[in-house]
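K.L.:
Below you'll find the structure I mean.
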Amino acid sequence: MPIGTTLKLKYYPVVTIYLIAINCFVHIPWMLFSDMYDYQPEICPLTEYIISLFSVFLHGDIYHLLGNMFFLWVFGSYLEDKTGSKRFLFYYFICEIGAVLLHLMTDGRPSIGASGAISGVMGIYLVRCYYSKIKTTVPLFLLYCKVNVHALWLMAFWILGDVIDALSVSDFNVHWAHIGGYVTGIAIGIINNYWTEAKRDHLYERAMTVIGGRWGLDDAEKYLLKVLRIAPGHTDAHV
């Protein structure tokens, strides 16, 4: 279970918090509606349309909601910090569209939940923050131990798991929505050249770590020169 990352927030993740609040606010009336009509279009013909239009804000139960919102906070807050609030919100809904389209092409029935959009956020995070480590808790008998796992390995594990599940599940397969989100998110990261920005940040952080430790200052200079090759206007690197 991821509980955070090794990155540090520079700005308050306003959009991420608003998205979490909206999802929680929508959950109560949605649960009353779904219990009343039990997803039966013949009883309420508008059900299918409501699910399709607002699926990104709807969840099956409280555990579905809490799980999605937890992942949104862990990855969304740091991605918003890197991309900016407006872009982050735009990417969130674009990833949801990509997730819904792939799900509908493979299953044909609407699904609910923000996991497609959140998978997209994780896909962009993979490109933009590939160098970071994810703070995770690992169950060990009756105890839990904290382990920092490289983002590349952890994301690859999750994506591979969804691919295996998507190929093995035959009835109402929501894993294709996750894959659609991942693919859309990774594509957004590549199109926006976020890998280069991530490399710049990674080199700068390594330089600061070396300078802070007061060892191998020649290595720090090499890192900073590489930063300036990628981003000639990087003021902090010049300083």
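Residue names in the structure tokens use chain letters A, B, ... in the order shown, residue numbers from 1 in each chain, and ligand numbers from 1 in the order shown.
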Return as a PyMOL selection string the full set of residues in region 55-219 of chain A whose backbone-based DSSP assignment is alpha helix (DSSP H).

P.N.:
chain A and resi 62-71+77-83+85-106+115-128+151-168+175-191+194-213+217-219

K.L.:
Please produce, as a tab-separated table, a per-residue contact table for region 72-133 of chain A versus region 13-29 of chain A (criterion: any atom at most 10 Å away, only C-alpha atoms considered), showing the nearest atom pair and its distance in Å to one decimal, sorted by chain then residue number.

P.N.:
residue	atom	partner	partner_atom	distance
A:Leu72	CA	A:Thr16	CA	7.3
A:Trp73	CA	A:Thr16	CA	6.7
A:Val74	CA	A:Thr16	CA	9.8
A:Phe75	CA	A:Thr16	CA	9.5
A:Gly76	CA	A:Thr16	CA	6.1
A:Ser77	CA	A:Pro13	CA	5.2
A:Tyr78	CA	A:Pro13	CA	7.7
A:Leu79	CA	A:Pro13	CA	9.0
A:Glu80	CA	A:Pro13	CA	6.2
A:Asp81	CA	A:Pro13	CA	6.5
A:Gly84	CA	A:Pro13	CA	8.9
A:Ser85	CA	A:Val15	CA	6.0
A:Lys86	CA	A:Val15	CA	8.1
A:Phe88	CA	A:Val15	CA	7.9
A:Leu89	CA	A:Val15	CA	6.8
A:Tyr92	CA	A:Leu19	CA	9.8
A:Gly113	CA	A:Asn23	CA	9.4
A:Ala114	CA	A:Asn23	CA	8.6

K.L.:
Kindly export the residues of the current selection with N, CA, C and O atoms, as a PDB file, in the first residue's frame.

P.N.:
ATOM      1  N   LEU A  72      -5.470   8.877  -5.120  1.00  0.00           N
ATOM      2  CA  LEU A  72      -5.489  10.200  -5.736  1.00  0.00           C
ATOM      3  C   LEU A  72      -4.654  11.181  -4.931  1.00  0.00           C
ATOM      4  O   LEU A  72      -3.921  11.996  -5.500  1.00  0.00           O
ATOM      5  N   TRP A  73      -4.745  11.097  -3.615  1.00  0.00           N
ATOM      6  CA  TRP A  73      -3.956  12.005  -2.785  1.00  0.00           C
ATOM      7  C   TRP A  73      -2.460  11.703  -2.896  1.00  0.00           C
ATOM      8  O   TRP A  73      -1.652  12.617  -3.057  1.00  0.00           O
ATOM      9  N   VAL A  74      -2.099  10.436  -2.817  1.00  0.00           N
ATOM     10  CA  VAL A  74      -0.683  10.059  -2.836  1.00  0.00           C
ATOM     11  C   VAL A  74       0.002  10.519  -4.125  1.00  0.00           C
ATOM     12  O   VAL A  74       1.094  11.096  -4.092  1.00  0.00           O
ATOM     13  N   PHE A  75      -0.644  10.290  -5.274  1.00  0.00           N
ATOM     14  CA  PHE A  75       0.000  10.610  -6.544  1.00  0.00           C
ATOM     15  C   PHE A  75      -0.463  11.951  -7.119  1.00  0.00           C
ATOM     16  O   PHE A  75       0.336  12.674  -7.711  1.00  0.00           O
ATOM     17  N   GLY A  76      -1.740  12.271  -6.931  1.00  0.00           N
ATOM     18  CA  GLY A  76      -2.256  13.498  -7.519  1.00  0.00           C
ATOM     19  C   GLY A  76      -1.661  14.751  -6.909  1.00  0.00           C
ATOM     20  O   GLY A  76      -1.371  15.710  -7.635  1.00  0.00           O
ATOM     21  N   SER A  77      -1.482  14.775  -5.609  1.00  0.00           N
ATOM     22  CA  SER A  77      -0.975  15.984  -4.955  1.00  0.00           C
ATOM     23  C   SER A  77       0.423  16.343  -5.470  1.00  0.00           C
ATOM     24  O   SER A  77       0.721  17.522  -5.732  1.00  0.00           O
ATOM     25  N   TYR A  78       1.279  15.342  -5.660  1.00  0.00           N
ATOM     26  CA  TYR A  78       2.645  15.614  -6.121  1.00  0.00           C
ATOM     27  C   TYR A  78       2.685  15.909  -7.618  1.00  0.00           C
ATOM     28  O   TYR A  78       3.496  16.715  -8.072  1.00  0.00           O
ATOM     29  N   LEU A  79       1.811  15.264  -8.385  1.00  0.00           N
ATOM     30  CA  LEU A  79       1.770  15.563  -9.809  1.00  0.00           C
ATOM     31  C   LEU A  79       1.239  16.973 -10.042  1.00  0.00           C
ATOM     32  O   LEU A  79       1.760  17.706 -10.893  1.00  0.00           O
ATOM     33  N   GLU A  80       0.213  17.369  -9.309  1.00  0.00           N
ATOM     34  CA  GLU A  80      -0.297  18.737  -9.414  1.00  0.00           C
ATOM     35  C   GLU A  80       0.800  19.738  -9.084  1.00  0.00           C
ATOM     36  O   GLU A  80       0.910  20.796  -9.716  1.00  0.00           O
ATOM     37  N   ASP A  81       1.612  19.426  -8.100  1.00  0.00           N
ATOM     38  CA  ASP A  81       2.718  20.288  -7.705  1.00  0.00           C
ATOM     39  C   ASP A  81       3.711  20.467  -8.851  1.00  0.00           C
ATOM     40  O   ASP A  81       4.305  21.543  -9.008  1.00  0.00           O
ATOM     41  N   GLY A  84       1.236  21.980 -12.277  1.00  0.00           N
ATOM     42  CA  GLY A  84       0.361  23.127 -12.104  1.00  0.00           C
ATOM     43  C   GLY A  84      -1.091  22.663 -12.003  1.00  0.00           C
ATOM     44  O   GLY A  84      -1.470  21.644 -12.579  1.00  0.00           O
ATOM     45  N   SER A  85      -1.905  23.425 -11.300  1.00  0.00           N
ATOM     46  CA  SER A  85      -3.274  23.012 -10.992  1.00  0.00           C
ATOM     47  C   SER A  85      -4.158  22.902 -12.225  1.00  0.00           C
ATOM     48  O   SER A  85      -4.909  21.937 -12.384  1.00  0.00           O
ATOM     49  N   LYS A  86      -4.100  23.884 -13.127  1.00  0.00           N
ATOM     50  CA  LYS A  86      -4.976  23.886 -14.301  1.00  0.00           C
ATOM     51  C   LYS A  86      -4.668  22.710 -15.219  1.00  0.00           C
ATOM     52  O   LYS A  86      -5.569  22.025 -15.696  1.00  0.00           O
ATOM     53  N   PHE A  88      -3.165  19.955 -14.393  1.00  0.00           N
ATOM     54  CA  PHE A  88      -3.485  18.714 -13.687  1.00  0.00           C
ATOM     55  C   PHE A  88      -4.964  18.373 -13.822  1.00  0.00           C
ATOM     56  O   PHE A  88      -5.326  17.227 -14.106  1.00  0.00           O
ATOM     57  N   LEU A  89      -5.840  19.365 -13.634  1.00  0.00           N
ATOM     58  CA  LEU A  89      -7.274  19.129 -13.754  1.00  0.00           C
ATOM     59  C   LEU A  89      -7.648  18.705 -15.166  1.00  0.00           C
ATOM     60  O   LEU A  89      -8.449  17.783 -15.360  1.00  0.00           O
ATOM     61  N   TYR A  92      -6.527  15.156 -15.735  1.00  0.00           N
ATOM     62  CA  TYR A  92      -7.358  14.223 -14.966  1.00  0.00           C
ATOM     63  C   TYR A  92      -8.555  13.762 -15.790  1.00  0.00           C
ATOM     64  O   TYR A  92      -8.832  12.559 -15.894  1.00  0.00           O
ATOM     65  N   GLY A 113     -16.479   4.860 -10.887  1.00  0.00           N
ATOM     66  CA  GLY A 113     -15.236   4.969 -10.132  1.00  0.00           C
ATOM     67  C   GLY A 113     -14.241   5.892 -10.803  1.00  0.00           C
ATOM     68  O   GLY A 113     -14.253   6.060 -12.024  1.00  0.00           O
ATOM     69  N   ALA A 114     -13.375   6.469  -9.980  1.00  0.00           N
ATOM     70  CA  ALA A 114     -12.358   7.391 -10.480  1.00  0.00           C
ATOM     71  C   ALA A 114     -11.047   6.683 -10.792  1.00  0.00           C
ATOM     72  O   ALA A 114     -10.056   7.340 -11.107  1.00  0.00           O
TER      73      ALA A 114
END

K.L.:
If you measure from CA of Gly180 (chain A) to CA of Ser115 (chain A), what distance in Å do you get, rounded to one decimal?

P.N.:
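Distance reported for this atom pair: 10.4 Å.
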
K.L.:
Choose the residue, out of A:Leu167, A:Leu203, A:Val56, A:Ile97, that has the smallest atom-to-atom separation from Ile112 (chain A); count only C-alpha atoms.

P.N.:
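Ranking A:Leu167, A:Leu203, A:Val56, A:Ile97 by distance to Ile112 (chain A), first place goes to A:Val56.
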
K.L.:
Calculated over only C-alpha atoms, which of the candidates A:Thr235, A:Ser119, A:Ser132, A:Asn173 has the smallest distance to His202 (chain A)?

P.N.:
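Closest to His202 (chain A) of all the choices is A:Ser132.
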